[in-house]
Structure formats: structure tokens, C-alpha cells
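Some notes on the structure that comes next.
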Amino acid sequence: MLDINLFRENPEVVRDALTRRQMDVSVVDRVLELDAERRRLLTRVETLKAERNTVSKEIGRSKDPAERQAKIEAMRQVGEEIAALDEQVRQVEEALTAEIAQIPNIPKAGVPLGRDEHENVVIRTVGQPRTFDFTPLPHWDLGPRLGIINFDQGVKITGSRFYVLSGAGARLQRALIAWMLDLHIRQGYTEQYLPFMVKEETLFAAGQLPKFRDNLYHDAEEDFWMVPTAEVPLTGLFMNEILEEAALPIHYTAYTPCFRREKMSAGRDVRGIKRGHQFDKVEMYIYCRPEESDRELEKMLADAEQTCAELGLPYRVVQLCTGDLGFNAAITYDIEVWAPGCNEWLEVSSVSNVTDFQARRANIKYRPAEGGKTRLVHTLNGSGLGLPRTLIAVLENYQQPDGSILVPEVLRPWMGGIDIITP
RNA sequence: GGAGGGAUGGCCGAGUGGACUAUGGCGCCUGUCUUGAAAACAGGUGUGGGGAAACCCACCGGGGGUUCGAAUCCCUCUCCCUCCGCCA
């Protein structure tokens with residue numbers, strides 16, 4: 001959520017940000033009107049409340065019954081007026097929050113201008129795509145042949161876009177999770193084990209609600225929501241808290257499953273395990289001072305790149321253009337790995353500086369060491385690689401002519417002696 | 001699932017309708033004293049909002065209600081604690 005003061009003092013900044021994101025700017029005027037109305041109502045109602053407070057104290061002290069009665073009568077009317085105005089304030093604030101809550105973050109100055117994902121900018125490519133002297137197979141062929149991915153069973157027990165990993169496939173995914181968590185711990189992150197269901201307030205804080213309601217799973221009985229990413233509970237950890245500056249920066253990593261209805265991408269990427277309703281992810285998350293967030297973004301990007309490098313996967317770093325930037329992010333780098341079987345670059349990681357956007361929604365501040373006013377923290381999030389896609393990349397890049405899969409060196413400690421996956 | 005007890009400032013803890021402008025203590029900050037520190041003493045010390053400012057408004061777990069006036073009374077929800085039941 002953006003700062004209301006930004007609209008008052010510098011509405012052009014917001015209009016410019018919306019224009020760069022290819023969005024309509026009329027919301028800015030609606031916000032300004034509602035804000036002016038809110039302040040107009042507040043001035044009136046607070047004057048009346050001050051009067052009521054003063055006179056009520058006089059009533060308490062007064063010994064004259066006639067005077068008391070007159071004042072009680074007068075304040076009864078003032079009270080009715082206050083109630084009516086309070087209700088108007090509530091409605092205006094609700095409308096104001098509804099408008100502001102749907103406005104995305106301001107893209108940082110260096111973010112390339114662009115309409116959609118086609119105008120993203122490749123920053124660098126690292127590693128040479130492996131050359132094959134045979135035709136590499138896509139994972140949806142490799143997996144079933146090796147008996148490590150079963151699509152039919154997933155569909156049978158749950159439905160479309162669900163699959164089962166079996167034997168070495170399940171173990172390989174577990175190895176990736178364990179290895180990645182350990183790597184992030186070495187990089188300075190503290191591991192968190194989190195609830196996989198959260199309440200509505202937490203989703204609002206993380207910027208998922210109200211905008212992405214259609215992409216979330218919701219248990220109506222208990223009013224719990226399944227997390228679409230660890231970013232959501234990680235943002236919620238310090239909701240409504242004031243941290244000490246000395247505690248910052250905070251680096252967290254967490255493994256969680258992620259649940260997404262993917263309503264908006266129905267029909268896309270239907271083959272294989274690239275896009276499912278349930279997938280696993282290891283996330284990195286940082287809380288820091290505003291001055292540190294640019295530097296922390298570079299650290300997080302380097303940390304995410306290290307996972308690809310150590311897995312021996314060729315990858316490229318892509319900077320998202322303004323038209324493709326996510327709702328919360330001010331700047332985002334995607335990491336894409338080459339999948340020779342399905343013949344495409346797979347987005348395995350997305351590393352973003354969210355600046356104070358989630359912190360304002362979640363009300364997470366810190367007290368400067370020198371004292372003075374509390375300030376909003378900056379938050380950053382990045383996947384230390386989404387798992388099905390990393391699994392795809394490992395399977396397709398490490399396939400051998402006979403259809404077997406060589407297990408990457410770094411994962412072998414978790415594979416119980418399996419160096420090569422064969423049928 | 002059942003019965004009971006709780007939730008007050010950074011922390012402890014008092015407050016059962018009007019002097020609460022939230023007592024007191026601890027902690028923290030500033031000052032006095034001191035070569036310095038400690039101790040003692042004095043003052044200060046929450047968050048958010050409105051206003052050019054003076055100042056004002058809101059907040060005692062969340063929401064709603066009664067009242068001229070609510071930390072205090074009523075309803076409701078959440079969470080914590082104790083016990084019982086059930087349970088991986």
C-alpha cells in the first residue's frame with residue numbers, strides 16, 4: 001500500500017508510476033477526493049467530540065440539577081450528530097482504503113519501461129547450455145518412463161494439475177529442499193517453519209488480498225486460507241510490531257508448500273509439473289532499513305544465483321519491465337534456467353525489493369537507534385528456487401542417452417547412494 | 001467438545017461509571033551532585049490521526065452496545081492459562 005501523503009504532496013509520482021505500469025490513473029483523483037472528504041469530516045467530528053468531553057466533565061462536577069439536565073440534553077444531541085458523522089467517516093475511510101489497497105507499488109527509477117513480459121531485459125546469461133548428441137526428452141516423458149513422476153495417480157486422487165512423485169523422484173525433490181535450506185543458512189538466513197494456513201488479515205498484509213482472492217484456496221468452515229507462498233506468513237511474523245533498529249536486517253528462509261488456484265492461467269502450461277495447484281518452494285525473506293534494501297536485493301539475487309550455479313544449471317537473470325512487475329514489487333529480477341527437454345527458459349526464482357509496500361499494509365516499523373519517529377521497514381522476498389521447475393531443469397539437463405538421470409553432485413548426500421536414477 | 005480463570009504502556013502491576021489528564025514500581029533518557037562511575041534526587045519517557053500553530057481526537061486484546069460521560073457495565077469474537085473429554 002502506498003503512503004497517503006504521497007498522493008497529497010506528489011500525486012504526479014503516483015500517476016507516473018501507474019502510467020509506466022500501463023494502468024489507468026483516474027484512481028489518483030478518486031483517492032484525493034476521498035482523502036479531502038475524510039479530513040473535512042474529521043475536523044467537524046473531532047470538534048464535536050472535544051466539546052462533548054469538556055461538557056461531560058462539567059456535568060460530573062456540577063451541583064445544579066437544572067444546569068446538569070440542560071447540559072445532558074444538549075450533549076445527547078451532540079452525541080447523535082457525532083454518531084452520524086462517525087458513520088460517514090467510516091464509510092469514507094473504507095472507500096479510501098479500498099481504492100489505495102488496489103494500487104500497486106511504485107517501480108524504482110531504473111526499472112525498464114515496457115508493456116509486458118516480452119519487454120523484460122536479460123541482464124546476463126551464466127553457463128553454457130549443454131549440447132546433446134541425442135534429442136533430449138521433456139520431463140513429462142522422462143518422469144513416467146523412470147517411474148518417478150505419475151500424472152495419472154495425481155489426477156485420480158485429486159484432479160487435474162496434480163501429480164505424484166515416486167521413489168527417487170520424491171527423494172530428489174526432498175534433497176533439493178534440504179540442500180537449499182542448508183545453503184541459505186550458510187548464506188546467513190535463519191530457517192523458519194511456518195503455518196501453511198493463515199487468516200485473512202495476514203493475506204491483506206502481504207498484498208494478496210483483496211486483489212488476488214480468485215487465486216487462493218479458502219477453508220470456509222474455519223476461515224483459514226492456504227498460503228500461496230511462504231512470503232505471506234513471513235510478512236505476517238512482525239505484523240503490528242515496532243522492531244529495534246539493532247535487530248535489523250533480519251534474514252529468514254523457509255520451506256513451504258504453496259497452493260494456488262491459478263484461475264487466471266487456466267489452460268496455460270498444462271503439460272508436466274511446471275504449473276500445478278500445489279508446489280513446494282524454499283523462500284528467502286529480508287526485513288531491513290530503507291537505506292539497506294538496494295544492497296540487500298543484490299545479496300538476495302546473488303544468493304539465489306548460487307543455487308543454480310551449484311546445481312550446475314545454466315541460467316539467465318532477467319529484469320522485469322514495468323508492465324510485467326508484480327503488484328507488491330518496486331523492482332524484480334527473475335532467474336530462468338534452461339530446460340532442454342521442453343525447450344524453454346523456466347522461471348525458477350523471482351527476487352524483489354518490495355520497499356515499504358508490504359510493511360505499510362502489515363504495519364511493521366522500527367525505532368531508530370538515535371530515537372525519533374518510528375519508520376517503516378523495507379521487505380524483500382525471493383524464491384531460492386521453486387521446486388517443480390528446478391526439478392524439471394535437473395531432470396532435463398542431467399538426462400543421459402539411455403533416459404537415466406545423473407544426480408547433481410551437491411544433492412548426493414541426501415540420495416542414499418543413488419548417483420544415477422534409472423528405471 | 002465441556003467447565004472455570006485471564007488479556008491494562010518496553011516489563012511487572014493497580015484501577016468496578018465523572019480528579020483516569022491510566023496510580024505505583026522496574027527499565028530507559030536528560031539534568032543535579034561526582035575526577036569518573038554508582039547511589040541519591042529532580043524532570044522526562046507509548047502509537048496513530050487532524051491542524052500553519054496553539055492544541056485537539058482516538059487507542060486499556062478485536063468488534064458492537066448502554067450512557068451526557070466507559071479501562072470500568074452489557075453482548076460478541078479472538079488468544080492465553082487451569083482442569084475434563086477426545087485424539088496423530
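The chains in the C-alpha cells are called A, B, ... from first to last as shown; in each chain the residues are counted from 1, and the ligands are counted from 1 in the order shown.
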Taking 5 positions as the minimum chain separation for residues in the same chain, which residues sit within 12 Å of A42 of chain B when counting only C-alpha atoms (C1' of nucleotides)? Answer as a ChimeraX atom specification. /B:30-33
Write the residues of the selection above to a file with C-alpha atoms (C1' of nucleotides), as a PDB file, in the first residue's frame.
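Here's the written file out.pdb:
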ATOM      1  C1'   U B  30      18.106  14.021  30.425  1.00  0.00           C
ATOM      2  C1'   G B  31      19.788  17.001  34.396  1.00  0.00           C
ATOM      3  C1'   U B  32      21.992  17.995  39.511  1.00  0.00           C
ATOM      4  C1'   C B  33      25.886  16.083  42.584  1.00  0.00           C
TER       5        C B  33
END
What are the residues of chain B that have an atom within 12 Å of an atom of chain A, counting only C-alpha atoms (C1' of nucleotides), as a PyMOL selection string? chain B and resi 10+17-19+21+28-29+45-51+55-58+67-69+78
Excluding same-chain residues fewer than 2 positions from U23 of chain B, what lies within 10 Å of it counting only C-alpha atoms (C1' of nucleotides), as a count of residues only? 3
Please report the interatomic distance between atom CA of Ala36 of chain A and atom CA of Leu209 of chain A in Å with one decimal. 25.7 Å
Based on DSSP run over this structure's backbone, return all residues of segment 248-382 of chain A in helix (DSSP H, G or I), as a ChimeraX atom specification. /A:263-265,290-311,357-362
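For the atom pair formed by atom CA of Ile148 of chain A and atom CA of Leu165 of chain A, the distance is 5.5 Å, given to one decimal.
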Pairwise distance, atom CA of Phe279 of chain A with atom CA of Phe259 of chain A, equals 6.8 Å
Check the smallest atom-to-atom distance from each of A:Ala304, A:Met239, A:Ile335, A:Ile273 to Ser160 of chain A using only C-alpha atoms, then report the winner. A:Ile273
